[in-house]
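Q: Input run-v8.cif, format and content: mmCIF, C-alpha atoms.
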```cif
data_final
loop_
_atom_site.label_atom_id
_atom_site.label_comp_id
_atom_site.auth_asym_id
_atom_site.auth_seq_id
_atom_site.Cartn_x
_atom_site.Cartn_y
_atom_site.Cartn_z
CA MET A 1 223.22 -39.80 -13.31
CA TYR A 2 220.12 -38.31 -14.93
CA ARG A 3 219.26 -37.54 -18.49
CA LEU A 4 215.99 -35.73 -19.09
CA GLN A 5 214.59 -35.59 -22.60
CA SER A 6 211.66 -33.42 -23.69
CA ILE A 7 210.28 -33.30 -20.17
CA ARG A 8 207.03 -31.40 -19.75
CA LYS A 9 204.95 -31.08 -16.62
CA CYS A 10 201.51 -29.54 -17.01
CA TYR A 11 198.82 -28.71 -14.49
CA GLY A 12 195.73 -28.35 -16.62
CA SER A 13 196.66 -25.91 -19.36
CA ASN A 14 199.52 -24.44 -17.31
CA VAL A 15 202.97 -25.67 -18.34
CA ALA A 16 205.05 -25.73 -15.15
CA LEU A 17 208.14 -27.29 -16.68
CA ASP A 18 209.37 -27.64 -20.24
CA ILE A 19 212.91 -28.94 -20.57
CA GLU A 20 214.27 -30.08 -23.91
CA GLU A 21 217.35 -31.76 -22.51
CA LEU A 22 219.18 -31.79 -19.19
CA THR A 23 222.02 -33.98 -18.04
CA ILE A 24 223.09 -34.27 -14.43
CA ALA A 25 226.42 -35.96 -13.94
CA GLU A 26 227.24 -38.38 -11.15
CA GLY A 27 229.10 -37.09 -8.11
CA ARG A 28 228.62 -33.40 -8.90
CA LEU A 29 226.88 -30.58 -7.09
CA TYR A 30 224.30 -28.48 -8.90
CA THR A 31 222.47 -25.41 -7.73
CA LEU A 32 219.08 -24.84 -9.27
CA THR A 33 218.16 -21.17 -9.47
CA GLY A 34 215.31 -19.15 -10.84
CA ALA A 35 212.49 -16.91 -9.72
CA ASN A 36 209.52 -18.18 -7.76
CA GLY A 37 207.34 -20.26 -10.08
CA ALA A 38 210.24 -21.01 -12.42
CA GLY A 39 209.69 -24.75 -11.95
CA LYS A 40 212.49 -25.55 -9.48
CA SER A 41 210.36 -27.52 -7.03
CA THR A 42 208.56 -29.25 -9.90
CA LEU A 43 211.89 -30.36 -11.33
CA LEU A 44 213.06 -31.61 -7.91
CA SER A 45 209.83 -33.55 -7.49
CA ILE A 46 210.37 -35.22 -10.88
CA LEU A 47 214.02 -35.99 -10.09
CA ALA A 48 212.86 -37.52 -6.78
CA PHE A 49 210.39 -39.76 -8.69
CA LEU A 50 207.59 -38.37 -6.55
CA SER A 51 205.72 -36.87 -9.46
CA PRO A 52 205.76 -38.21 -13.03
CA PRO A 53 206.27 -35.80 -15.91
CA THR A 54 203.27 -35.28 -18.18
CA SER A 55 205.46 -36.26 -21.11
CA GLY A 56 209.09 -36.96 -21.89
CA GLU A 57 211.66 -39.46 -20.79
CA ILE A 58 213.93 -39.78 -17.77
CA PHE A 59 217.03 -41.91 -17.76
CA TYR A 60 218.60 -42.72 -14.41
CA ALA A 61 222.07 -44.27 -14.35
CA GLY A 62 221.60 -45.08 -18.01
CA GLU A 63 218.25 -46.85 -17.52
CA ARG A 64 215.00 -45.48 -18.87
CA VAL A 65 212.55 -45.00 -16.00
CA ASP A 66 209.23 -46.40 -17.09
CA ARG A 67 206.45 -46.07 -14.55
CA ASN A 68 204.21 -48.31 -16.59
CA HIS A 69 206.58 -51.25 -16.25
CA GLY A 70 207.54 -51.79 -12.63
CA PRO A 71 207.42 -49.69 -9.50
CA VAL A 72 209.50 -46.55 -9.10
CA GLU A 73 210.31 -47.37 -5.44
CA GLU A 74 213.52 -48.99 -6.62
CA TYR A 75 214.67 -45.60 -8.01
CA ARG A 76 213.15 -43.65 -5.16
CA ARG A 77 215.31 -45.54 -2.67
CA LYS A 78 218.44 -44.30 -4.43
CA VAL A 79 217.34 -40.67 -4.26
CA THR A 80 216.27 -38.60 -1.27
CA LEU A 81 214.56 -35.23 -1.26
CA LEU A 82 214.87 -32.88 1.69
CA HIS A 83 212.04 -30.37 1.72
CA GLN A 84 212.51 -26.72 2.61
CA SER A 85 210.15 -27.16 5.53
CA PRO A 86 210.71 -30.81 6.44
CA TYR A 87 208.17 -32.90 8.28
CA LEU A 88 209.30 -34.90 11.29
CA PHE A 89 207.24 -37.90 12.26
CA GLY A 90 205.89 -38.18 15.79
CA GLY A 91 208.16 -40.14 18.11
CA SER A 92 211.84 -39.71 18.80
CA VAL A 93 214.73 -38.38 16.76
CA ASP A 94 215.89 -42.00 16.54
CA ASP A 95 212.53 -43.07 15.06
CA ASN A 96 212.84 -40.38 12.41
CA VAL A 97 216.40 -41.12 11.34
CA ALA A 98 215.70 -44.86 11.45
CA PHE A 99 212.63 -44.63 9.17
CA GLY A 100 214.37 -44.89 5.80
CA LEU A 101 216.89 -47.40 7.15
CA LYS A 102 214.08 -49.70 8.29
CA VAL A 103 212.45 -49.40 4.86
CA ARG A 104 215.74 -50.58 3.34
CA GLY A 105 215.99 -53.51 5.75
CA ILE A 106 219.06 -52.13 7.56
CA ARG A 107 218.96 -53.49 11.11
CA GLY A 108 220.85 -53.90 14.34
CA GLU A 109 224.34 -52.56 14.76
CA GLU A 110 224.56 -51.20 11.21
CA ARG A 111 221.40 -49.16 11.74
CA ARG A 112 222.63 -47.81 15.08
CA ARG A 113 225.99 -46.91 13.58
CA ARG A 114 224.42 -45.05 10.65
CA ILE A 115 222.09 -43.09 12.94
CA ASP A 116 224.95 -42.10 15.24
CA GLU A 117 227.12 -41.08 12.30
CA ALA A 118 224.39 -38.98 10.70
CA LEU A 119 223.53 -37.24 13.98
CA ASP A 120 227.24 -36.59 14.58
CA VAL A 121 227.57 -34.93 11.17
CA VAL A 122 224.76 -32.47 11.94
CA GLY A 123 225.99 -31.83 15.48
CA LEU A 124 223.15 -33.61 17.28
CA ARG A 125 225.01 -36.37 19.10
CA GLY A 126 223.02 -37.28 22.18
CA PHE A 127 219.67 -36.28 20.62
CA ARG A 128 218.58 -39.84 19.74
CA ASP A 129 215.94 -40.14 22.45
CA ARG A 130 214.62 -36.59 22.25
CA LYS A 131 211.03 -36.17 21.07
CA ALA A 132 211.07 -34.86 17.50
CA ARG A 133 208.12 -32.52 18.09
CA GLU A 134 209.91 -30.79 20.98
CA LEU A 135 212.92 -29.70 18.94
CA SER A 136 213.60 -26.12 17.89
CA GLY A 137 213.21 -25.21 14.20
CA GLY A 138 216.97 -25.40 13.58
CA GLU A 139 217.29 -28.72 15.38
CA ALA A 140 214.37 -30.12 13.38
CA GLN A 141 216.12 -29.08 10.13
CA ARG A 142 219.25 -30.84 11.28
CA VAL A 143 217.35 -34.02 12.14
CA ALA A 144 215.76 -33.97 8.68
CA MET A 145 219.23 -33.60 7.15
CA ALA A 146 220.54 -36.45 9.31
CA ARG A 147 217.56 -38.58 8.24
CA ALA A 148 218.54 -38.02 4.60
CA LEU A 149 222.29 -38.49 5.14
CA ALA A 150 221.82 -41.75 7.07
CA LEU A 151 220.47 -43.33 3.88
CA LYS A 152 223.69 -42.55 1.98
CA PRO A 153 221.63 -41.82 -1.15
CA GLU A 154 223.14 -41.79 -4.62
CA VAL A 155 221.41 -38.44 -5.17
CA LEU A 156 220.45 -35.88 -2.54
CA LEU A 157 217.89 -33.32 -3.67
CA LEU A 158 217.61 -30.26 -1.45
CA ASP A 159 214.77 -27.75 -1.70
CA GLU A 160 216.18 -24.47 -0.39
CA PRO A 161 218.01 -26.16 2.48
CA LEU A 162 219.62 -22.91 3.61
CA ALA A 163 216.45 -20.82 3.81
CA ASN A 164 214.92 -20.07 7.20
CA ILE A 165 217.79 -21.45 9.27
CA ASP A 166 220.16 -19.73 11.67
CA ARG A 167 223.72 -18.74 10.72
CA GLU A 168 225.34 -21.57 12.65
CA THR A 169 223.19 -24.19 10.92
CA THR A 170 223.76 -22.51 7.54
CA GLY A 171 227.52 -22.83 7.96
CA LEU A 172 227.19 -26.45 9.07
CA PHE A 173 224.88 -27.36 6.16
CA GLU A 174 227.13 -25.65 3.60
CA THR A 175 230.10 -27.67 4.85
CA VAL A 176 228.13 -30.92 4.84
CA ILE A 177 226.61 -30.30 1.39
CA ALA A 178 229.93 -29.29 -0.16
CA SER A 179 231.55 -32.49 1.14
CA LEU A 180 228.98 -34.86 -0.39
CA PRO A 181 230.19 -35.01 -4.04
CA ALA A 182 233.60 -36.21 -2.82
CA GLN A 183 231.77 -39.12 -1.17
CA GLY A 184 230.11 -39.98 -4.48
CA THR A 185 226.74 -38.34 -3.79
CA THR A 186 225.20 -36.23 -6.52
CA VAL A 187 223.59 -33.10 -5.08
CA VAL A 188 220.95 -30.89 -6.66
CA MET A 189 219.80 -27.99 -4.51
CA THR A 190 217.52 -25.07 -5.16
CA THR A 191 218.64 -21.69 -3.92
CA HIS A 192 218.02 -18.00 -4.34
CA ASP A 193 221.55 -17.09 -3.28
CA PRO A 194 223.68 -16.30 -6.38
CA ASP A 195 226.86 -16.95 -4.36
CA HIS A 196 226.05 -20.58 -3.59
CA PRO A 197 227.44 -22.14 -6.79
CA GLY A 198 230.78 -20.50 -6.08
CA ARG A 199 230.81 -21.18 -2.35
CA LEU A 200 229.84 -24.79 -2.78
CA ASN A 201 232.03 -25.37 -5.80
CA GLY A 202 229.01 -26.37 -7.85
CA GLU A 203 227.48 -25.97 -11.24
CA SER A 204 224.47 -23.73 -11.77
CA ILE A 205 221.28 -24.62 -13.60
CA PHE A 206 218.99 -21.67 -14.27
CA LEU A 207 215.28 -22.02 -14.93
CA GLU A 208 212.94 -19.37 -16.23
CA GLY A 209 209.23 -19.90 -16.80
CA GLY A 210 209.70 -23.65 -16.52
CA ARG A 211 212.45 -23.70 -19.14
CA HIS A 212 216.09 -24.55 -18.65
CA VAL A 213 217.77 -21.48 -20.05
CA LEU A 214 221.32 -21.38 -18.76
CA ARG A 215 223.99 -23.62 -17.34
CA SER A 216 227.28 -22.32 -16.01
CA LEU A 217 230.27 -24.38 -15.06
CA ARG A 218 232.49 -23.34 -12.20
CA MET B 219 164.09 -31.12 44.56
CA ASP B 220 163.69 -33.69 47.35
CA PHE B 221 162.45 -36.14 44.73
CA LEU B 222 165.64 -35.76 42.70
CA VAL B 223 167.92 -36.03 45.74
CA SER B 224 166.17 -39.12 47.10
CA SER B 225 166.14 -40.71 43.63
CA PHE B 226 169.83 -39.99 43.25
CA ALA B 227 170.53 -41.60 46.64
CA SER B 228 168.43 -44.66 45.68
CA ALA B 229 170.26 -44.85 42.36
CA LEU B 230 173.62 -44.93 44.13
CA ARG B 231 172.34 -47.65 46.48
CA LEU B 232 171.19 -49.70 43.47
CA ILE B 233 174.59 -49.39 41.83
CA GLY B 234 176.33 -50.24 45.11
CA SER B 235 174.15 -53.31 45.65
CA PHE B 236 175.13 -54.69 42.23
CA SER B 237 171.46 -55.19 41.28
CA PRO B 238 171.28 -58.04 38.72
CA ASP B 239 168.95 -55.98 36.52
CA VAL B 240 171.41 -53.09 36.43
CA PHE B 241 174.32 -55.48 35.86
CA ASP B 242 172.54 -57.28 32.99
CA ALA B 243 171.62 -54.04 31.23
CA VAL B 244 175.19 -52.69 31.60
CA ARG B 245 176.70 -55.96 30.35
CA THR B 246 174.37 -56.12 27.33
CA SER B 247 174.96 -52.47 26.47
CA LEU B 248 178.73 -52.80 26.65
CA ALA B 249 178.74 -56.05 24.67
CA VAL B 250 176.55 -54.87 21.78
CA SER B 251 178.22 -51.45 21.67
CA ALA B 252 181.71 -52.98 21.60
CA GLY B 253 180.68 -55.47 18.90
CA ALA B 254 179.04 -52.80 16.76
CA THR B 255 182.02 -50.45 17.22
CA VAL B 256 184.51 -53.10 16.09
CA PHE B 257 182.57 -53.81 12.88
CA ALA B 258 181.86 -50.10 12.32
CA ALA B 259 185.59 -49.39 12.66
CA LEU B 260 186.46 -52.18 10.23
CA LEU B 261 184.07 -50.64 7.69
CA GLY B 262 184.32 -46.95 8.49
CA ILE B 263 188.08 -46.44 8.86
CA PRO B 264 189.05 -47.89 5.45
CA LEU B 265 186.10 -46.08 3.84
CA GLY B 266 187.11 -42.72 5.37
CA LEU B 267 190.75 -43.23 4.38
CA LEU B 268 189.82 -44.30 0.87
CA VAL B 269 187.57 -41.29 0.30
CA GLY B 270 190.12 -38.95 1.90
CA LEU B 271 193.15 -40.20 0.00
CA SER B 272 191.75 -40.73 -3.47
CA ASP B 273 190.21 -38.60 -6.16
CA PHE B 274 187.34 -40.01 -8.12
CA PRO B 275 184.22 -38.76 -9.88
CA LEU B 276 181.26 -38.12 -7.54
CA LYS B 277 183.60 -37.79 -4.53
CA ARG B 278 181.71 -34.75 -3.26
CA MET B 279 178.49 -36.68 -3.53
CA VAL B 280 179.93 -39.56 -1.51
CA VAL B 281 181.12 -37.10 1.18
CA THR B 282 177.68 -35.48 1.28
CA LEU B 283 176.07 -38.90 1.57
CA LEU B 284 178.37 -39.86 4.45
CA ASN B 285 177.52 -36.60 6.22
CA THR B 286 173.83 -37.21 5.71
CA LEU B 287 174.06 -40.75 7.05
CA MET B 288 175.47 -39.35 10.31
CA ALA B 289 172.21 -37.56 10.88
CA VAL B 290 169.86 -40.45 10.11
CA PRO B 291 167.51 -40.94 13.10
CA THR B 292 168.09 -44.16 15.00
CA VAL B 293 164.48 -45.22 14.57
CA VAL B 294 164.84 -44.99 10.79
CA VAL B 295 167.84 -47.33 10.92
CA GLY B 296 165.83 -49.54 13.28
CA LEU B 297 162.91 -49.54 10.87
CA LEU B 298 165.10 -50.41 7.88
CA VAL B 299 166.88 -53.28 9.62
CA TYR B 300 163.56 -54.45 11.10
CA GLY B 301 162.21 -54.71 7.55
CA PHE B 302 165.10 -56.99 6.57
CA LEU B 303 165.13 -59.12 9.74
CA SER B 304 161.40 -59.50 10.39
CA ARG B 305 159.83 -62.87 9.56
CA GLN B 306 158.46 -61.57 6.24
CA GLY B 307 161.72 -59.79 5.39
CA PRO B 308 164.49 -61.12 3.09
CA LEU B 309 166.68 -62.14 6.06
CA GLY B 310 163.80 -63.32 8.25
CA VAL B 311 164.87 -66.96 8.01
CA LEU B 312 167.98 -66.17 10.03
CA GLY B 313 165.82 -65.49 13.09
CA LEU B 314 167.92 -62.57 14.21
CA LEU B 315 165.18 -60.14 15.18
CA PHE B 316 165.06 -59.40 18.93
CA THR B 317 168.56 -60.75 19.49
CA PRO B 318 171.74 -58.91 20.52
CA THR B 319 173.05 -59.60 16.99
CA ALA B 320 170.22 -57.49 15.54
CA ILE B 321 171.20 -54.59 17.81
CA VAL B 322 174.82 -54.99 16.68
CA ILE B 323 173.74 -54.84 13.01
CA GLY B 324 171.75 -51.66 13.63
CA GLY B 325 174.62 -50.24 15.69
CA VAL B 326 177.08 -50.85 12.84
CA LEU B 327 174.83 -48.91 10.44
CA LEU B 328 174.62 -46.06 12.94
CA ALA B 329 178.29 -45.90 13.85
CA ALA B 330 180.02 -46.66 10.53
CA PRO B 331 179.18 -43.27 8.91
CA ILE B 332 180.41 -41.47 12.03
CA VAL B 333 183.67 -43.41 12.07
CA ALA B 334 184.10 -42.86 8.32
CA ASN B 335 183.46 -39.11 8.60
CA TYR B 336 185.84 -38.68 11.53
CA ALA B 337 188.50 -40.72 9.70
CA LEU B 338 187.94 -38.63 6.57
CA ALA B 339 188.28 -35.42 8.60
CA SER B 340 191.51 -36.73 10.13
CA VAL B 341 192.96 -37.43 6.68
CA ARG B 342 191.90 -34.02 5.42
CA GLY B 343 193.41 -32.33 8.45
CA ALA B 344 196.65 -34.32 8.24
CA ASP B 345 199.87 -32.56 7.33
CA PRO B 346 200.18 -32.82 3.52
CA ARG B 347 203.93 -33.47 3.87
CA ILE B 348 203.50 -36.85 5.60
CA VAL B 349 203.03 -39.05 2.52
CA PRO B 350 205.68 -37.30 0.32
CA THR B 351 208.15 -37.49 3.23
CA ALA B 352 207.57 -41.22 3.66
CA LEU B 353 207.83 -41.75 -0.12
CA THR B 354 211.07 -39.84 -0.45
CA LEU B 355 212.56 -41.87 2.40
CA GLY B 356 211.90 -44.96 0.31
CA ALA B 357 208.51 -46.15 1.52
CA GLY B 358 206.16 -47.77 -0.96
CA ARG B 359 202.64 -46.41 -1.42
CA PHE B 360 201.23 -48.90 1.11
CA LEU B 361 203.76 -48.08 3.83
CA ALA B 362 203.35 -44.33 3.16
CA VAL B 363 199.61 -44.64 3.83
CA GLY B 364 200.40 -46.76 6.91
CA THR B 365 202.70 -43.98 8.11
CA LEU B 366 199.93 -41.44 7.55
CA ILE B 367 197.54 -43.58 9.62
CA GLY B 368 200.16 -43.77 12.36
CA GLU B 369 200.52 -39.99 12.36
CA ILE B 370 196.75 -39.41 12.58
CA ARG B 371 196.14 -42.28 15.00
CA PHE B 372 194.54 -40.03 17.63
CA GLY B 373 192.02 -38.78 15.08
CA ILE B 374 191.27 -42.39 14.13
CA LEU B 375 190.93 -43.30 17.79
CA ALA B 376 188.55 -40.38 18.29
CA ALA B 377 186.55 -41.70 15.32
CA VAL B 378 186.20 -45.09 16.98
CA ILE B 379 185.24 -43.55 20.31
CA ALA B 380 182.65 -41.30 18.66
CA GLY B 381 181.18 -44.40 17.02
CA PHE B 382 181.07 -46.17 20.37
CA GLY B 383 179.39 -43.12 21.90
CA ARG B 384 176.73 -43.13 19.20
CA VAL B 385 175.89 -46.82 19.72
CA ILE B 386 175.94 -46.93 23.51
CA SER B 387 173.75 -43.84 23.85
CA GLU B 388 171.08 -44.65 21.26
CA VAL B 389 167.70 -46.12 22.16
CA GLY B 390 165.74 -46.48 18.89
CA VAL B 391 167.71 -49.34 17.33
CA ALA B 392 168.06 -51.24 20.62
CA MET B 393 164.34 -50.92 21.29
CA MET B 394 163.12 -51.84 17.79
CA LEU B 395 165.61 -54.59 16.98
CA GLY B 396 166.31 -55.91 20.46
CA GLY B 397 162.80 -55.75 21.82
CA ASN B 398 163.98 -54.80 25.33
CA ILE B 399 163.92 -58.41 26.61
CA ARG B 400 164.99 -58.49 30.25
CA GLY B 401 168.37 -60.17 30.77
CA TYR B 402 168.86 -60.71 27.03
CA THR B 403 168.48 -57.61 24.88
CA ARG B 404 167.68 -54.99 27.50
CA THR B 405 170.34 -52.30 27.27
CA MET B 406 170.95 -49.38 29.61
CA THR B 407 169.08 -46.95 27.36
CA THR B 408 166.04 -49.16 26.74
CA ALA B 409 165.91 -50.00 30.45
CA ILE B 410 166.01 -46.28 31.33
CA ALA B 411 163.13 -45.60 28.90
CA LEU B 412 161.07 -48.53 30.21
CA GLU B 413 161.69 -48.11 33.94
CA THR B 414 161.09 -44.36 33.85
CA SER B 415 157.79 -44.89 32.04
CA LYS B 416 156.87 -47.36 34.83
CA GLY B 417 157.67 -44.74 37.45
CA GLU B 418 160.95 -46.44 38.52
CA PHE B 419 162.86 -43.18 38.27
CA ALA B 420 165.66 -44.23 40.66
CA PHE B 421 166.40 -47.33 38.58
CA GLY B 422 166.54 -45.23 35.43
CA MET B 423 168.80 -42.75 37.15
CA ALA B 424 171.14 -45.56 38.33
CA LEU B 425 171.56 -46.69 34.73
CA GLY B 426 171.97 -43.09 33.61
CA ILE B 427 174.84 -42.68 36.06
CA VAL B 428 176.50 -45.88 34.84
CA LEU B 429 176.06 -44.70 31.23
CA MET B 430 177.72 -41.39 32.03
CA MET B 431 180.53 -43.20 33.84
CA ALA B 432 181.10 -45.45 30.81
CA ALA B 433 181.39 -42.32 28.60
CA LEU B 434 183.75 -40.71 31.12
CA ILE B 435 186.00 -43.79 31.30
CA VAL B 436 186.20 -44.02 27.49
CA ASN B 437 187.17 -40.34 27.24
CA LEU B 438 189.70 -40.61 30.05
CA PHE B 439 191.25 -43.53 28.20
CA LEU B 440 191.50 -41.38 25.04
CA ASN B 441 193.10 -38.53 26.98
CA LEU B 442 195.61 -40.91 28.54
CA LEU B 443 196.60 -42.23 25.12
CA GLN B 444 197.00 -38.72 23.73
CA GLN B 445 199.31 -37.73 26.56
CA ARG B 446 201.67 -40.65 25.93
#
```
Could you show the structure in this file as structure tokens?
A:
Amino acid sequence: MYRLQSIRKCYGSNVALDIEELTIAEGRLYTLTGANGAGKSTLLSILAFLSPPTSGEIFYAGERVDRNHGPVEEYRRKVTLLHQSPYLFGGSVDDNVAFGLKVRGIRGEERRRRIDEALDVVGLRGFRDRKARELSGGEAQRVAMARALALKPEVLLLDEPLANIDRETTGLFETVIASLPAQGTTVVMTTHDPDHPGRLNGESIFLEGGRHVLRSLR
Amino acid sequence: MDFLVSSFASALRLIGSFSPDVFDAVRTSLAVSAGATVFAALLGIPLGLLVGLSDFPLKRMVVTLLNTLMAVPTVVVGLLVYGFLSRQGPLGVLGLLFTPTAIVIGGVLLAAPIVANYALASVRGADPRIVPTALTLGAGRFLAVGTLIGEIRFGILAAVIAGFGRVISEVGVAMMLGGNIRGYTRTMTTAIALETSKGEFAFGMALGIVLMMAALIVNLFLNLLQQR
């Protein structure tokens, strides 16, 4: 799905990420581990096409991503990033889950069906008309997950999706995340839990000081 | 104290009798203030958003300049525009001096920095996750900024209302550029200044009450929108 070559991301003189080569295969689940400041979020941001690397090349689905020749929105619409502390827009749950679908021109019955399906998956059936800002923290996390799932992205990037959520939601998210590769979605998630690769049947990528130092296959 | 009470009672009677002088001053004030606010919003909102959302050299200087412009005395703006619009000035041929249009021009210069600063403060105070969230859901840069504006709409609305408040309450620009012509360029504030100096305290107070009511209605409208 991705091939990263000689990717460096620098903030001033500080090198946040320095990866010689990294390949992420289609339809697989990867956990991205490493200490705070190891470059996990920086890598996710690059994979989400939100932030360009300072140098190096990214290939997505075999194509070289060149920001100087054409917009990256085309790639961005195939990939969705779910932040650790997601932001919900003002308005209803429906407005939030519909946002990305509207951007993609999905309307009418198809849009309604996708919203219902996504809310069903995260256990929030019947929440469509609730105000997003009045939800509990756990419910808000679930809406953000539903918002990402409704888009059926080729790649789902998750920044510590299981941190700061209750046990019930953790169990639900683990089940949902583990089921995605079978549906053809590539998943890359950051985590501090060393058991996650095993529990989610995934592959582990370990970063240290911005460098990709270890990869283990389960 | 009796003077104030009797003046207040006379003021209420004047308002209740729909005095043409009061009505004209209110109508002119609302018209020029609304016109100036619309143009100030069209200038100030994009300027505030642009400064807030972009990084460029001298940005701090631009922000300092915008802050300074908020504090420019109304008579200085009046003086500057007077210089341009007076018969000897570069725009004198347009014949705009002592017209409602001249007051609108001065009002725009007064209100635009306020609208821009409020809009800038709204952008700075906005949740930094809004734009990345919109982008990662597939929005282009333009739509992401549109989403940000939607999320800070109450701050933007407050910016517009603050601009309106600045224009409707000022007296220097209206006096210098409008000339306080009865039934044409006489606004509530210039009428208050004139009538009070003539000893018509009740008339001034009547306009003062209407002015306060206009401010109250605008703020009630803002509160209503925020509660929706």
Q: Go through B:Thr405, B:Ser304, B:Thr365, B:Ser251 and flag the residue nearest B:Gly324, using all atoms listed in the file for the distances.
A: B:Ser251
Q: What does the distance between atom CA of B:Tyr300 and atom CA of B:Gly325 come to in Å, to one decimal place?
A: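 Answer for the atom CA of B:Tyr300 to atom CA of B:Gly325 separation: 12.7 Å.
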Q: Looking at all atoms listed in the file, which of A:Arg211, A:Lys78, A:Arg130, A:Arg111 is the one that sits closest to chain B?
A: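 The answer is A:Lys78, which sits nearest to chain B.
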Q: What gap, in Å, lies between atom CA of B:Ala337 and atom CA of B:Ala377?
A: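 Distance reported for this atom pair: 6.0 Å.
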Q: Residues of chain A no more than 8 Å from chain B, counting only C-alpha atoms: send them over as a PyMOL selection string.
A: chain A and resi 48+50+73+76-77+79-81+86-87+89-90+99-100+103-104+148
Q: I need the output of the PyMOL selection byres ((chain A and resi 188-193) around 8) for this file as JSON, numbers by chain; which residues are they?
A: {"A": [29, 30, 31, 32, 33, 34, 35, 40, 41, 155, 156, 157, 158, 159, 160, 161, 162, 186, 187, 194, 195, 196]}
Q: Write out as a list in words the residues lying within 12 Å of A:Arg133, counting all atoms listed in the file and excluding same-chain residues fewer than 4 positions away.
A: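 Residues meeting the cut-off are Tyr87, Leu88, Phe89, Gly90, Gly91, Ser92, Val93, Asp95, Asn96, Asp129, Gly137, Glu139, Ala140, Gln141 and Val143 of chain A.
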Q: If we count only C-alpha atoms, what is near stretch 123-125 of chain A at a cut-off of 8 Å, once residues fewer than 2 positions away on the same chain are taken out, given as a count of residues only?
A: 9
Q: Would you mind telling me which residue in B:Ala259, B:Val244, B:Ala289, B:Val363 lies nearest to B:Phe382 when using all atoms listed in the file?
A: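 When distances to B:Phe382 are compared using all atoms listed in the file, the smallest one comes from B:Ala259.
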Q: Would you compute the distance between atom CA of A:Ser6 and atom CA of B:Ser272? Give it in Å to one decimal.
A: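 Between atom CA of A:Ser6 and atom CA of B:Ser272 the gap is 29.3 Å.
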Q: Find the residues near B:Ala420: any atom within 10 Å, counting only C-alpha atoms, skip ones fewer than 5 places away on the same chain, and give them as a VMD selection string.
A: chain B and resid 221 to 232 410 413 to 414 425 to 426
Q: Could you expand the PyMOL selection byres ((chain B and resi 267-269) around 12) into the explicit residues it covers here, written as number ranges by chain?
A: B: 259-266, 270-284, 333-344, 363-364, 366-367, 370-371, 373-374, 377
Q: Take the PyMOL selection byres ((chain A and resi 115) around 9), run it mentally on this structure, and tell me the resulting residues as a list in words.
A: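 Written out, the selection comes to Asp94, Val97, Ala98, Leu101, Glu110, Arg111, Arg112, Arg113, Arg114, Asp116, Glu117, Ala118, Leu119, Asp120, Arg128, Ala146, Arg147 and Ala150 of chain A.
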Q: Show me, as JSON, numbers by chain, the residues that have an atom within 10 Å of stretch 51-67 of chain A when counting only C-alpha atoms, minus same-chain residues fewer than 5 positions from it.
A: {"A": [1, 2, 3, 4, 5, 6, 7, 8, 9, 10, 11, 15, 17, 18, 19, 20, 21, 22, 23, 24, 25, 26, 42, 43, 44, 45, 46, 72, 73, 75], "B": [350]}
Q: I'd like to know which of B:Ala432, B:Ser237, B:Leu298, B:Ala243 is closest to B:Leu412, using all atoms listed in the file.
A: B:Ala243
Q: Padding 4 Å on each side, edges along x, y and z: where is the centre of the box around the listed atoms of stretch 383-402 of chain B, and how long are its edges in Å to one decimal? Output it as lines of an AutoDock Vina configuration file.
A:
```
center_x = 171.1
center_y = -51.9
center_z = 23.9
size_x = 24.6
size_y = 25.6
size_z = 21.8
```
Q: Between B:Pro331, B:Gly397, B:Gly313, B:Gly422, which is the closest to B:Ala380 once you count only C-alpha atoms?
A: B:Pro331
Q: Quick one: residues within 6 Å of A:Ala178, only C-alpha atoms, excluding same-chain residues fewer than 3 positions away - as a ChimeraX atom specification?
A: /A:174-175,200
Q: Would you save stretch 221-228 of chain B from the block above with N, CA and C atoms, as a PDB file, in the first residue's frame?
A:
```pdb
ATOM      1  N   PHE B 221     -35.015  67.253  37.519  1.00  0.00           N
ATOM      2  CA  PHE B 221     -34.674  67.575  36.126  1.00  0.00           C
ATOM      3  C   PHE B 221     -34.509  66.283  35.306  1.00  0.00           C
ATOM      4  N   LEU B 222     -33.781  65.336  35.902  1.00  0.00           N
ATOM      5  CA  LEU B 222     -33.534  64.080  35.183  1.00  0.00           C
ATOM      6  C   LEU B 222     -34.832  63.305  34.978  1.00  0.00           C
ATOM      7  N   VAL B 223     -35.647  63.249  36.020  1.00  0.00           N
ATOM      8  CA  VAL B 223     -36.904  62.486  35.947  1.00  0.00           C
ATOM      9  C   VAL B 223     -37.835  63.111  34.905  1.00  0.00           C
ATOM     10  N   SER B 224     -37.964  64.438  34.953  1.00  0.00           N
ATOM     11  CA  SER B 224     -38.876  65.089  34.001  1.00  0.00           C
ATOM     12  C   SER B 224     -38.333  64.964  32.572  1.00  0.00           C
ATOM     13  N   SER B 225     -37.001  65.031  32.426  1.00  0.00           N
ATOM     14  CA  SER B 225     -36.405  64.873  31.092  1.00  0.00           C
ATOM     15  C   SER B 225     -36.640  63.464  30.569  1.00  0.00           C
ATOM     16  N   PHE B 226     -36.518  62.506  31.486  1.00  0.00           N
ATOM     17  CA  PHE B 226     -36.726  61.103  31.087  1.00  0.00           C
ATOM     18  C   PHE B 226     -38.176  60.902  30.622  1.00  0.00           C
ATOM     19  N   ALA B 227     -39.109  61.500  31.369  1.00  0.00           N
ATOM     20  CA  ALA B 227     -40.534  61.385  31.015  1.00  0.00           C
ATOM     21  C   ALA B 227     -40.783  62.057  29.657  1.00  0.00           C
ATOM     22  N   SER B 228     -40.181  63.219  29.440  1.00  0.00           N
ATOM     23  CA  SER B 228     -40.336  63.917  28.146  1.00  0.00           C
ATOM     24  C   SER B 228     -39.734  63.085  27.019  1.00  0.00           C
TER      25      SER B 228
END
```
